[in-house]
$ cat query_26.txt   # compact mmCIF, C-alpha atoms
# COMPACT_ATOMS: atom_id res chain seq x y z
CA MET A 1 12.05 -70.76 8.49
CA SER A 2 9.27 -69.03 10.45
CA THR A 3 7.97 -65.61 9.39
CA GLU A 4 9.00 -64.13 12.75
CA LEU A 5 12.58 -65.41 12.42
CA PHE A 6 12.77 -64.19 8.83
CA GLU A 7 11.67 -60.67 9.88
CA GLN A 8 14.30 -60.63 12.64
CA LEU A 9 17.03 -61.61 10.16
CA GLU A 10 15.75 -59.13 7.60
CA PHE A 11 15.83 -56.18 10.00
CA VAL A 12 19.02 -54.09 9.84
CA GLU A 13 19.56 -51.26 12.29
CA ASN A 14 19.88 -47.85 10.65
CA PRO A 15 22.12 -45.52 12.72
CA LEU A 16 20.63 -42.34 11.24
CA PHE A 17 17.06 -43.44 11.91
CA GLU A 18 18.04 -44.58 15.41
CA THR A 19 19.41 -41.08 16.11
CA ILE A 20 16.12 -39.56 14.97
CA ILE A 21 14.17 -41.89 17.27
CA GLU A 22 16.44 -41.12 20.23
CA ASP A 23 16.07 -37.37 19.62
CA LEU A 24 12.27 -37.63 19.45
CA LEU A 25 12.16 -39.64 22.68
CA GLN A 26 14.42 -37.21 24.53
CA GLN A 27 13.42 -33.80 23.18
CA HIS A 28 10.42 -34.31 20.83
CA TYR A 29 12.33 -33.08 17.77
CA SER A 30 15.33 -34.01 15.64
CA VAL A 31 17.55 -31.91 13.38
CA VAL A 32 19.22 -34.06 10.73
CA GLU A 33 22.06 -33.01 8.46
CA HIS A 34 22.57 -34.75 5.10
CA PHE A 35 19.39 -36.84 5.19
CA PHE A 36 19.51 -36.23 1.44
CA SER A 37 22.78 -35.94 -0.47
CA SER A 38 23.88 -32.64 -2.00
CA SER A 39 23.00 -33.88 -5.50
CA GLU A 40 19.54 -34.96 -4.30
CA VAL A 41 18.94 -31.56 -2.70
CA ILE A 42 19.92 -29.79 -5.93
CA ALA A 43 17.62 -32.05 -7.98
CA LEU A 44 14.71 -31.43 -5.60
CA ARG A 45 15.37 -27.67 -5.60
CA ASN A 46 15.44 -27.53 -9.39
CA ASN A 47 12.24 -29.56 -9.51
CA LEU A 48 10.53 -27.15 -7.14
CA LEU A 49 11.69 -24.08 -9.06
CA LEU A 50 10.57 -25.55 -12.38
CA LYS A 51 7.03 -26.12 -11.07
CA TYR A 52 7.03 -22.69 -9.39
CA GLU A 53 7.99 -21.01 -12.67
CA GLU A 54 5.12 -22.87 -14.35
CA ASP A 55 2.77 -21.03 -11.96
CA ARG A 56 1.47 -24.25 -10.42
CA PHE A 57 1.73 -23.07 -6.79
CA ARG A 58 -1.18 -21.51 -4.90
CA LYS A 59 -1.46 -19.25 -1.87
CA SER A 60 -1.48 -21.31 1.29
CA GLY A 61 -4.37 -21.24 3.75
CA ILE A 62 -4.84 -22.03 7.43
CA GLY A 63 -6.81 -25.05 8.60
CA ASN A 64 -7.24 -28.40 6.86
CA HIS A 65 -8.93 -29.24 3.57
CA LEU A 66 -12.40 -29.20 5.17
CA HIS A 67 -12.02 -25.84 6.92
CA GLN A 68 -9.45 -23.64 5.19
CA GLU A 69 -9.11 -19.90 4.76
CA ILE A 70 -6.39 -17.60 3.47
CA ASP A 71 -5.07 -15.12 6.03
CA LYS A 72 -1.96 -13.19 4.98
CA SER A 73 -1.53 -11.88 8.53
CA ILE A 74 -0.80 -15.45 9.71
CA ARG A 75 1.13 -17.03 6.83
CA GLY A 76 2.45 -15.90 3.47
CA ASP A 77 3.87 -18.93 1.69
CA PHE A 78 2.88 -20.58 -1.58
CA ILE A 79 2.50 -24.35 -1.81
CA LEU A 80 2.08 -27.22 -4.27
CA TRP A 81 0.91 -30.61 -2.98
CA ILE A 82 2.92 -33.63 -4.14
CA ASP A 83 0.89 -36.66 -5.19
CA GLU A 84 3.06 -39.72 -4.49
CA THR A 85 1.05 -41.83 -6.96
CA LYS A 86 1.98 -39.36 -9.72
CA ALA A 87 5.49 -38.52 -8.55
CA ASP A 88 8.10 -37.71 -11.17
CA PRO A 89 11.54 -39.43 -10.98
CA VAL A 90 13.01 -36.80 -8.64
CA GLU A 91 10.01 -36.98 -6.31
CA GLN A 92 10.16 -40.78 -6.39
CA LEU A 93 13.70 -40.48 -5.06
CA PHE A 94 12.39 -38.30 -2.23
CA PHE A 95 9.59 -40.70 -1.33
CA LYS A 96 11.88 -43.73 -1.43
CA LYS A 97 13.87 -42.34 1.52
CA ILE A 98 10.77 -41.07 3.30
CA ASP A 99 9.06 -44.44 2.94
CA SER A 100 12.14 -46.16 4.38
CA LEU A 101 11.96 -43.91 7.43
CA VAL A 102 8.23 -44.58 7.89
CA GLN A 103 8.71 -48.35 7.66
CA TYR A 104 11.54 -48.15 10.18
CA LEU A 105 9.50 -46.05 12.64
CA ASN A 106 6.54 -48.38 12.39
CA LYS A 107 8.70 -51.47 12.84
CA THR A 108 10.76 -50.20 15.79
CA CYS A 109 8.40 -47.76 17.53
CA PHE A 110 4.97 -49.12 16.54
CA LEU A 111 3.80 -45.62 15.61
CA GLY A 112 1.06 -46.88 13.32
CA ILE A 113 1.81 -44.37 10.55
CA LEU A 114 -0.64 -45.18 7.76
CA GLN A 115 -0.52 -42.07 5.58
CA GLN A 116 1.75 -39.20 4.65
CA GLU A 117 1.24 -35.90 2.88
CA PHE A 118 3.84 -33.51 1.52
CA HIS A 119 3.96 -30.25 -0.39
CA TYR A 120 6.55 -27.91 -1.84
CA ALA A 121 6.68 -24.54 -0.07
CA VAL A 122 8.04 -21.19 -1.23
CA TYR A 123 8.31 -18.26 1.18
CA PRO A 124 8.97 -15.08 -0.84
CA LYS A 125 10.82 -12.15 0.69
CA GLY A 126 8.64 -10.72 3.48
CA ALA A 127 6.72 -13.97 4.10
CA PHE A 128 6.34 -15.72 7.47
CA TYR A 129 4.12 -18.16 9.34
CA LYS A 130 3.06 -17.17 12.85
CA ARG A 131 3.24 -19.47 15.87
CA HIS A 132 0.94 -22.49 15.50
CA LEU A 133 0.44 -26.21 16.10
CA ASP A 134 0.30 -28.74 13.24
CA THR A 135 -3.02 -30.29 14.26
CA PHE A 136 -6.68 -29.38 13.98
CA GLN A 137 -9.74 -29.55 16.23
CA ASN A 138 -11.55 -31.69 13.68
CA ASP A 139 -8.54 -33.83 12.66
CA ASP A 140 -5.76 -35.00 14.97
CA ARG A 141 -4.17 -37.64 12.74
CA ARG A 142 -0.86 -35.82 12.23
CA LYS A 143 1.79 -37.53 14.37
CA LEU A 144 5.10 -36.16 13.09
CA SER A 145 5.96 -33.07 11.03
CA LEU A 146 8.91 -33.05 8.64
CA VAL A 147 10.60 -30.16 6.83
CA CYS A 148 13.35 -30.59 4.25
CA TYR A 149 15.14 -27.35 3.28
CA LEU A 150 16.07 -26.81 -0.38
CA ASN A 151 17.58 -23.34 -0.15
CA GLU A 152 20.59 -22.16 -2.10
CA ASP A 153 23.97 -22.73 -0.47
CA PRO A 154 25.02 -20.71 1.43
CA TRP A 155 22.01 -19.47 3.41
CA PRO A 156 23.29 -16.73 5.75
CA LYS A 157 21.41 -16.32 9.03
CA GLU A 158 20.69 -12.74 7.95
CA ASN A 159 18.31 -14.12 5.31
CA GLY A 160 15.86 -14.99 8.10
CA GLY A 161 13.24 -17.69 7.64
CA GLU A 162 14.31 -19.56 10.76
CA LEU A 163 12.08 -22.30 12.17
CA THR A 164 11.45 -21.56 15.85
CA LEU A 165 10.31 -24.45 18.06
CA TYR A 166 8.69 -23.50 21.37
CA LEU A 167 9.99 -25.94 23.98
CA GLU A 168 9.42 -26.11 27.74
CA GLU A 169 12.98 -24.91 28.33
CA GLY A 170 12.69 -22.04 25.84
CA GLU A 171 12.88 -21.33 22.12
CA LYS A 172 14.94 -23.41 19.70
CA GLU A 173 15.87 -21.50 16.55
CA ILE A 174 16.80 -23.57 13.49
CA VAL A 175 18.39 -21.94 10.43
CA PRO A 176 16.99 -23.42 7.16
CA LEU A 177 20.29 -24.65 5.79
CA PRO A 178 20.14 -26.56 2.48
CA GLY A 179 19.77 -30.30 2.99
CA ARG A 180 18.79 -29.95 6.65
CA VAL A 181 15.75 -31.98 7.73
CA VAL A 182 13.74 -31.22 10.87
CA ILE A 183 11.28 -33.74 12.36
CA PHE A 184 9.09 -32.96 15.37
CA GLU A 185 5.94 -34.05 17.14
CA SER A 186 3.00 -32.39 15.41
CA GLN A 187 0.59 -32.36 18.34
CA LEU A 188 3.10 -31.22 20.93
CA LEU A 189 5.43 -28.51 19.64
CA GLU A 190 4.20 -25.08 18.65
CA HIS A 191 6.44 -23.44 16.08
CA GLU A 192 6.70 -20.58 13.61
CA VAL A 193 8.62 -19.51 10.52
CA LYS A 194 10.31 -16.18 11.05
CA LEU A 195 10.22 -13.38 8.48
CA VAL A 196 12.17 -14.10 5.31
CA LYS A 197 14.35 -11.03 4.81
CA ASP A 198 16.17 -11.88 1.61
CA SER A 199 15.96 -14.57 -1.09
CA GLU A 200 13.17 -17.13 -1.40
CA ARG A 201 12.96 -19.82 1.29
CA LEU A 202 12.41 -23.22 -0.35
CA SER A 203 11.37 -26.47 1.29
CA ILE A 204 9.32 -29.63 1.22
CA THR A 205 7.00 -29.88 4.21
CA GLY A 206 4.83 -32.78 5.29
CA TRP A 207 3.30 -34.96 7.95
CA PHE A 208 3.15 -38.60 8.99
CA LYS A 209 -0.42 -39.47 9.92
CA THR A 210 -2.04 -42.22 12.01
CA ARG A 211 -5.55 -43.59 11.79
$ encode --input "query_26.txt" --output "structure tokens"
Amino acid sequence: MSTELFEQLEFVENPLFETIIEDLLQQHYSVVEHFFSSSEVIALRNNLLLKYEEDRFRKSGIGNHLHQEIDKSIRGDFILWIDETKADPVEQLFFKKIDSLVQYLNKTCFLGILQQEFHYAVYPKGAFYKRHLDTFQNDDRRKLSLVCYLNEDPWPKENGGELTLYLEEGEKEIVPLPGRVVIFESQLLEHEVKLVKDSERLSITGWFKTR
């Protein structure tokens, strides 16, 4: 059997991933419910909170690793980078699904995603992140942005912390419901995190990067 025929037989269409691709093609973003199961979301949330209580998070900055500064007038979250090579069992579960998505995107859309980076994020009450683009003048490798919300259920809209995408047709406001995943084009869509009015806003945020 030829390698090409084997790859064709091996490929199985994934309806969820196909929906994400169709959304990205049509509107440059996708909002996915239940990408992770409820039990997976709870495990990831508990993992985040455990590390947060251990005081392992640091104040986030603006810019990339080469040119970064802390500016509380622009963003107020705390982050902890996740090293996939040192991932604990819960994080391995997260990366298993993320890696499946990356492989699918590369196979079906030829995106050329070669690297990914993710961090936990905590927005305390009163925190926000002003309108920005997920790319830098000295580094344009980020292709897609992904946010997975780990908030407590329920998360009333009054809590704030909405993700606002700035589209050609207007603003798209996305409530950070637990388990919801948002994927959008990093170099195209400006966005912001609105003021968190009550409770802590919890998430995993990351990017798929090309060469």
$ atom_distance --input "query_26.txt" --atom1 "CA of His34 (chain A)" --atom2 "CA of Lys59 (chain A)"
29.4 Å
$ atom_distance --input "query_26.txt" --atom1 "CA of Leu177 (chain A)" --atom2 "CA of Leu165 (chain A)"
15.8 Å
$ closest_residue --input "query_26.txt" --among "A:Phe78, A:Tyr52, A:Tyr29, A:Trp155" --to "Asp198 (chain A)" --atoms "all atoms listed in the file"
A:Trp155
$ closest_residue --input "query_26.txt" --among "A:Ser199, A:Gly61, A:Arg142, A:Leu167" --to "Leu111 (chain A)" --atoms "only C-alpha atoms"
A:Arg142
$ closest_residue --input "query_26.txt" --among "A:Arg180, A:Lys107, A:Lys125, A:His191" --to "Glu13 (chain A)" --atoms "all atoms listed in the file"
A:Lys107
$ atom_distance --input "query_26.txt" --atom1 "CA of Thr205 (chain A)" --atom2 "CA of Gln116 (chain A)"
10.7 Å
$ closest_residue --input "query_26.txt" --among "A:Arg56, A:Lys51, A:Lys130, A:Arg141" --to "Arg211 (chain A)" --atoms "all atoms listed in the file"
A:Arg141
$ residues_around --input "query_26.txt" --residues "Leu24 (chain A)" --least-positions-apart "5" --cutoff "8 Å" --atoms "all atoms listed in the file" --output "list of chain:residue names"
A:Tyr29, A:Ser30, A:Phe184, A:Glu185
$ closest_residue --input "query_26.txt" --among "A:Leu144, A:Pro176, A:Ile204, A:Phe128" --to "Val102 (chain A)" --atoms "all atoms listed in the file"
A:Leu144
$ residues_around --input "query_26.txt" --residues "Ser60 (chain A)" --least-positions-apart "3" --cutoff "8 Å" --atoms "all atoms listed in the file" --output "PyMOL selection string"
chain A and resi 70+75-79
$ closest_residue --input "query_26.txt" --among "A:Ala127, A:Ala121, A:Val175, A:Ile20" --to "Leu101 (chain A)" --atoms "all atoms listed in the file"
A:Ile20
$ residues_around --input "query_26.txt" --residues "Ser39 (chain A)" --least-positions-apart "6" --cutoff "12 Å" --atoms "all atoms listed in the file" --output "MDAnalysis selection string"
chainID A and resid 45:46 90 93:94 150 178:179
$ residues_near_point --input "query_26.txt" --point "(5.5, -33.1, -10.0)" --cutoff "12 Å" --atoms "only C-alpha atoms" --output "ChimeraX atom specification"
/A:44,46-52,54,56-57,80-92,94,118-120
